[in-house]
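Peer 1: Dropping in query-v2.txt, with compact mmCIF, C-alpha atoms.
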```txt
# COMPACT_ATOMS: atom_id res chain seq x y z
CA GLU A 905 0.00 0.00 0.00
CA ARG A 906 1.07 3.58 -0.60
CA VAL A 907 -0.59 6.44 1.29
CA LEU A 908 -0.58 9.85 -0.37
CA GLU A 909 -1.14 12.68 2.08
CA GLY A 910 -1.88 16.30 1.29
CA HIS A 911 -5.63 16.86 1.20
CA ARG A 912 -7.07 18.42 4.35
CA PHE A 913 -10.64 17.18 3.85
CA GLU A 914 -12.57 14.31 2.26
CA VAL A 915 -11.40 13.15 -1.17
CA SER A 916 -14.46 13.57 -3.38
CA CYS A 917 -13.16 12.33 -6.75
CA ILE A 918 -10.19 10.40 -8.06
CA ALA A 919 -8.89 9.04 -11.39
CA PHE A 920 -5.91 7.17 -12.80
CA SER A 921 -4.18 8.42 -15.94
CA PRO A 922 -4.68 6.13 -18.96
CA ASP A 923 -1.26 4.50 -18.46
CA GLY A 924 -1.78 4.14 -14.69
CA SER A 925 1.32 6.17 -13.78
CA LEU A 926 -0.50 9.21 -12.34
CA ILE A 927 -3.47 9.85 -10.07
CA ALA A 928 -5.56 13.00 -9.92
CA SER A 929 -7.56 13.53 -6.73
CA GLY A 930 -10.04 16.27 -5.87
CA SER A 931 -11.05 17.19 -2.35
CA LYS A 932 -13.43 19.35 -0.40
CA ASP A 933 -10.32 21.40 0.48
CA GLN A 934 -10.78 22.94 -3.02
CA LYS A 935 -7.60 21.40 -4.39
CA VAL A 936 -6.91 18.94 -7.17
CA ARG A 937 -3.64 17.12 -6.64
CA VAL A 938 -1.72 15.13 -9.23
CA TRP A 939 0.44 12.31 -7.87
CA ASN A 940 3.13 10.01 -9.27
CA VAL A 941 1.93 6.47 -8.44
CA ALA A 942 5.40 4.89 -8.37
CA THR A 943 7.03 7.44 -6.05
CA GLY A 944 4.07 8.95 -4.20
CA GLU A 945 5.37 12.41 -5.12
CA GLN A 946 2.81 15.19 -5.45
CA LEU A 947 3.45 16.73 -8.88
CA HIS A 948 0.84 19.49 -8.85
CA LYS A 949 -1.56 21.18 -6.42
CA LEU A 950 -4.25 22.87 -8.51
CA ARG A 951 -6.82 25.23 -7.06
CA HIS A 952 -10.33 24.07 -7.94
CA ALA A 953 -13.37 22.84 -6.02
CA ALA A 954 -13.76 19.79 -8.25
CA THR A 955 -16.57 17.25 -8.09
CA SER A 956 -14.96 15.03 -10.76
CA VAL A 957 -11.57 14.56 -12.38
CA ALA A 958 -10.43 12.70 -15.49
CA PHE A 959 -7.42 12.47 -17.76
CA ARG A 960 -7.38 13.13 -21.47
CA PRO A 961 -6.98 9.77 -23.30
CA ASP A 962 -3.40 10.62 -24.31
CA GLY A 963 -2.56 11.57 -20.70
CA SER A 964 -1.47 15.11 -21.62
CA HIS A 965 -4.12 16.95 -19.60
CA VAL A 966 -6.20 16.51 -16.49
CA VAL A 967 -9.74 17.88 -16.42
CA SER A 968 -11.46 18.95 -13.24
CA ARG A 969 -15.16 19.72 -13.08
CA GLY A 970 -17.03 21.72 -10.50
CA LYS A 971 -18.93 24.95 -11.15
CA ALA A 972 -16.56 25.30 -14.11
CA THR A 973 -14.63 22.80 -16.20
CA LEU A 974 -10.89 23.39 -16.05
CA VAL A 975 -8.25 21.76 -18.22
CA TRP A 976 -4.70 21.61 -16.85
CA ASP A 977 -1.41 20.80 -18.59
CA ILE A 978 -0.05 17.66 -16.93
CA VAL A 979 3.63 18.62 -17.36
CA THR A 980 3.53 22.24 -16.14
CA GLY A 981 0.34 22.28 -14.05
CA ASP A 982 -0.76 25.39 -15.95
CA LEU A 983 -4.45 26.11 -16.50
CA ILE A 984 -5.01 26.01 -20.26
CA LEU A 985 -8.81 26.17 -20.52
CA SER A 986 -11.62 27.35 -18.27
CA HIS A 987 -15.18 26.79 -19.39
CA SER A 988 -18.13 27.76 -17.21
CA CYS A 989 -21.28 27.87 -19.35
CA GLY A 990 -22.93 26.21 -22.31
CA PRO A 991 -21.94 22.85 -23.78
CA LEU A 992 -18.56 21.50 -22.79
CA PRO A 993 -15.80 21.75 -25.39
CA ASP A 994 -14.93 18.39 -26.97
CA MET A 995 -11.56 18.38 -25.20
CA ALA A 996 -13.30 18.25 -21.82
CA ARG A 997 -15.69 15.40 -22.69
CA LEU A 998 -13.46 12.82 -21.09
CA PRO A 999 -14.52 9.46 -19.69
CA GLN A 1000 -13.62 8.28 -16.22
CA TYR A 1001 -11.30 5.31 -16.62
CA VAL A 1002 -12.83 2.38 -14.80
CA ASP A 1003 -11.86 -1.25 -15.24
CA PRO A 1004 -15.19 -3.00 -15.93
CA GLY A 1005 -13.76 -6.23 -14.53
CA LEU A 1006 -13.55 -4.80 -10.99
CA GLN A 1007 -16.18 -3.33 -8.72
CA PHE A 1008 -16.86 -2.91 -5.02
CA SER A 1009 -19.75 -4.60 -3.27
CA PRO A 1010 -22.29 -2.04 -1.95
CA ASP A 1011 -20.92 -2.37 1.61
CA TYR A 1012 -17.27 -2.00 0.42
CA MET A 1013 -16.40 -5.29 2.15
CA TRP A 1014 -15.49 -7.08 -1.09
CA LEU A 1015 -13.70 -6.16 -4.30
CA LEU A 1016 -15.45 -8.26 -6.91
CA GLY A 1017 -13.30 -9.43 -9.79
CA GLU A 1018 -13.43 -11.53 -12.89
CA SER A 1019 -10.70 -13.94 -13.95
CA PRO A 1020 -7.74 -13.54 -13.63
CA MET A 1021 -8.53 -11.05 -10.81
CA PRO A 1022 -10.33 -13.02 -8.08
CA THR A 1023 -12.78 -11.58 -5.57
CA ARG A 1024 -10.95 -10.11 -2.59
CA TRP A 1025 -11.99 -9.18 0.94
CA ILE A 1026 -11.33 -5.55 1.85
CA ALA A 1027 -9.90 -4.99 5.33
CA PRO A 1028 -11.95 -2.69 7.62
CA GLU A 1029 -9.37 0.11 7.54
CA TYR A 1030 -9.95 0.50 3.77
CA ARG A 1031 -13.76 0.58 3.80
CA ASN A 1032 -14.35 4.17 4.93
CA ILE A 1033 -13.83 5.63 1.46
CA SER A 1034 -15.34 8.53 -0.43
CA ALA A 1035 -14.02 7.87 -3.96
CA HIS A 1036 -12.28 5.08 -5.86
CA CYS A 1037 -10.87 4.18 -9.26
CA PHE A 1038 -9.06 1.26 -10.89
CA SER A 1039 -6.14 0.77 -13.26
CA GLY A 1040 -5.26 -2.83 -14.08
CA SER A 1041 -4.68 -4.58 -10.77
CA LYS A 1042 -4.31 -1.27 -8.87
CA VAL A 1043 -7.14 0.29 -6.90
CA CYS A 1044 -6.96 3.85 -5.62
CA LEU A 1045 -9.09 4.79 -2.61
CA GLY A 1046 -9.97 8.37 -1.64
CA ARG A 1047 -10.57 8.48 2.10
CA LEU A 1048 -12.90 10.63 4.19
CA THR A 1049 -9.73 11.67 6.08
CA GLY A 1050 -8.24 13.29 2.95
CA ARG A 1051 -5.73 10.49 2.39
CA VAL A 1052 -5.32 8.70 -0.92
CA VAL A 1053 -4.39 4.99 -0.69
CA VAL A 1054 -3.05 2.96 -3.63
CA LEU A 1055 -3.19 -0.84 -3.43
CA ASP A 1056 -1.93 -3.40 -5.95
CA LEU A 1057 -4.26 -6.39 -5.91
CA ASN A 1058 -2.45 -8.58 -8.42
CA PRO A 1059 -3.64 -12.20 -8.72
CA GLN A 1060 -0.62 -13.44 -6.72
CA GLY A 1061 -1.75 -11.35 -3.73
CA PRO A 1062 -1.71 -7.75 -2.53
CA SER A 1063 1.57 -5.84 -2.60
CA ILE A 1064 2.92 -2.38 -1.92
CA VAL A 1065 2.70 -0.13 -4.94
```
For this file, write the structure as structure tokens.
Peer 2:
Amino acid sequence: ERVLEGHRFEVSCIAFSPDGSLIASGSKDQKVRVWNVATGEQLHKLRHAATSVAFRPDGSHVVSRGKATLVWDIVTGDLILSHSCGPLPDMARLPQYVDPGLQFSPDYMWLLGESPMPTRWIAPEYRNISAHCFSGSKVCLGRLTGRVVVLDLNPQGPSIV
């Protein structure tokens, strides 16, 4: 497990980049943070009260949505587009990346998987979550405490990311 600390309040939204190397997390502290999954390093702290986050399919931008839709450059962290009314520009119509082969049970006690990812029991300390996303065998949990936890649930057993 890897714990990413920085948010002061509940994590409300979270997403993996398409290649699984980055995580974007939004919190009620009005910040979107971009993290390196391998190192746990915070790459960017972006000011936005986001209710959802997603990456552009090529991984070059992160989009945060709240009262406005903001598009950020993933390398520099610069705001490159702000859109607050009317239809969203095509660039901001980004899907959340979710692995359809994994899902949580309604009580968050089980992570339900299809072959080769078996069903796994989730320990009590990981159940109090406010947001989650998947990338391959990795699951990212946004906690009510503001922490972000990354777990690797490979078929051979859980491991530290």
Peer 1: Please identify all polymer residues within 7 Å of Ile978 (chain A), counting all atoms listed in the file, omitting same-chain residues fewer than 4 positions from it, and present them as a ChimeraX atom specification.
Peer 2: /A:964-966
Peer 1: Give me, please, the distance in Å between CA of Ala1035 (chain A) and CA of Val975 (chain A), quoted to one decimal.
Peer 2: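 So the two atoms, CA of Ala1035 (chain A) and CA of Val975 (chain A), lie 20.7 Å apart.
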Peer 1: Provide the CA of Val957 (chain A) to CA of Lys935 (chain A) distance in Å, to one decimal place.
Peer 2: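 Taking CA of Val957 (chain A) and CA of Lys935 (chain A), their separation equals 11.2 Å.
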Peer 1: Given all atoms listed in the file as the basis, pick out the residue of A:Val936, A:Val941, A:Val979, A:Ser1034 nearest to Gly924 (chain A).
Peer 2: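 Once distances to Gly924 (chain A) are computed over all atoms listed in the file, the minimum belongs to A:Val941.
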Peer 1: So which one's closest to Leu908 (chain A), A:Trp976, A:Lys932, A:Ala953, A:Leu1055? Using all atoms listed in the file, please.
Peer 2: A:Leu1055
Peer 1: Tell me which of A:His987, A:His948, A:Arg1051, A:Lys971 sits closest to Ala928 (chain A), counting all atoms listed in the file.
Peer 2: A:His948
Peer 1: Work out how far CA of Gln946 (chain A) is from CA of Phe913 (chain A), in Å to one decimal.
Peer 2: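 Between CA of Phe913 (chain A) and CA of Gln946 (chain A) the gap is 16.5 Å.
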Peer 1: Go through A:Leu950, A:Asp962, A:Leu1048, A:Phe920 and flag the residue nearest Thr980 (chain A), using all atoms listed in the file for the distances.
Peer 2: A:Leu950
Peer 1: Using all atoms listed in the file for the distances, tell me which of A:Cys1044, A:Arg951, A:Arg937, A:Cys917 is nearest to Leu983 (chain A).
Peer 2: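 Smallest distance to Leu983 (chain A) is found for A:Arg951.
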Peer 1: Nearest residue to Glu909 (chain A) out of A:Ser921, A:Gly1046, A:Asp1056, A:Val967, using only C-alpha atoms?
Peer 2: A:Gly1046
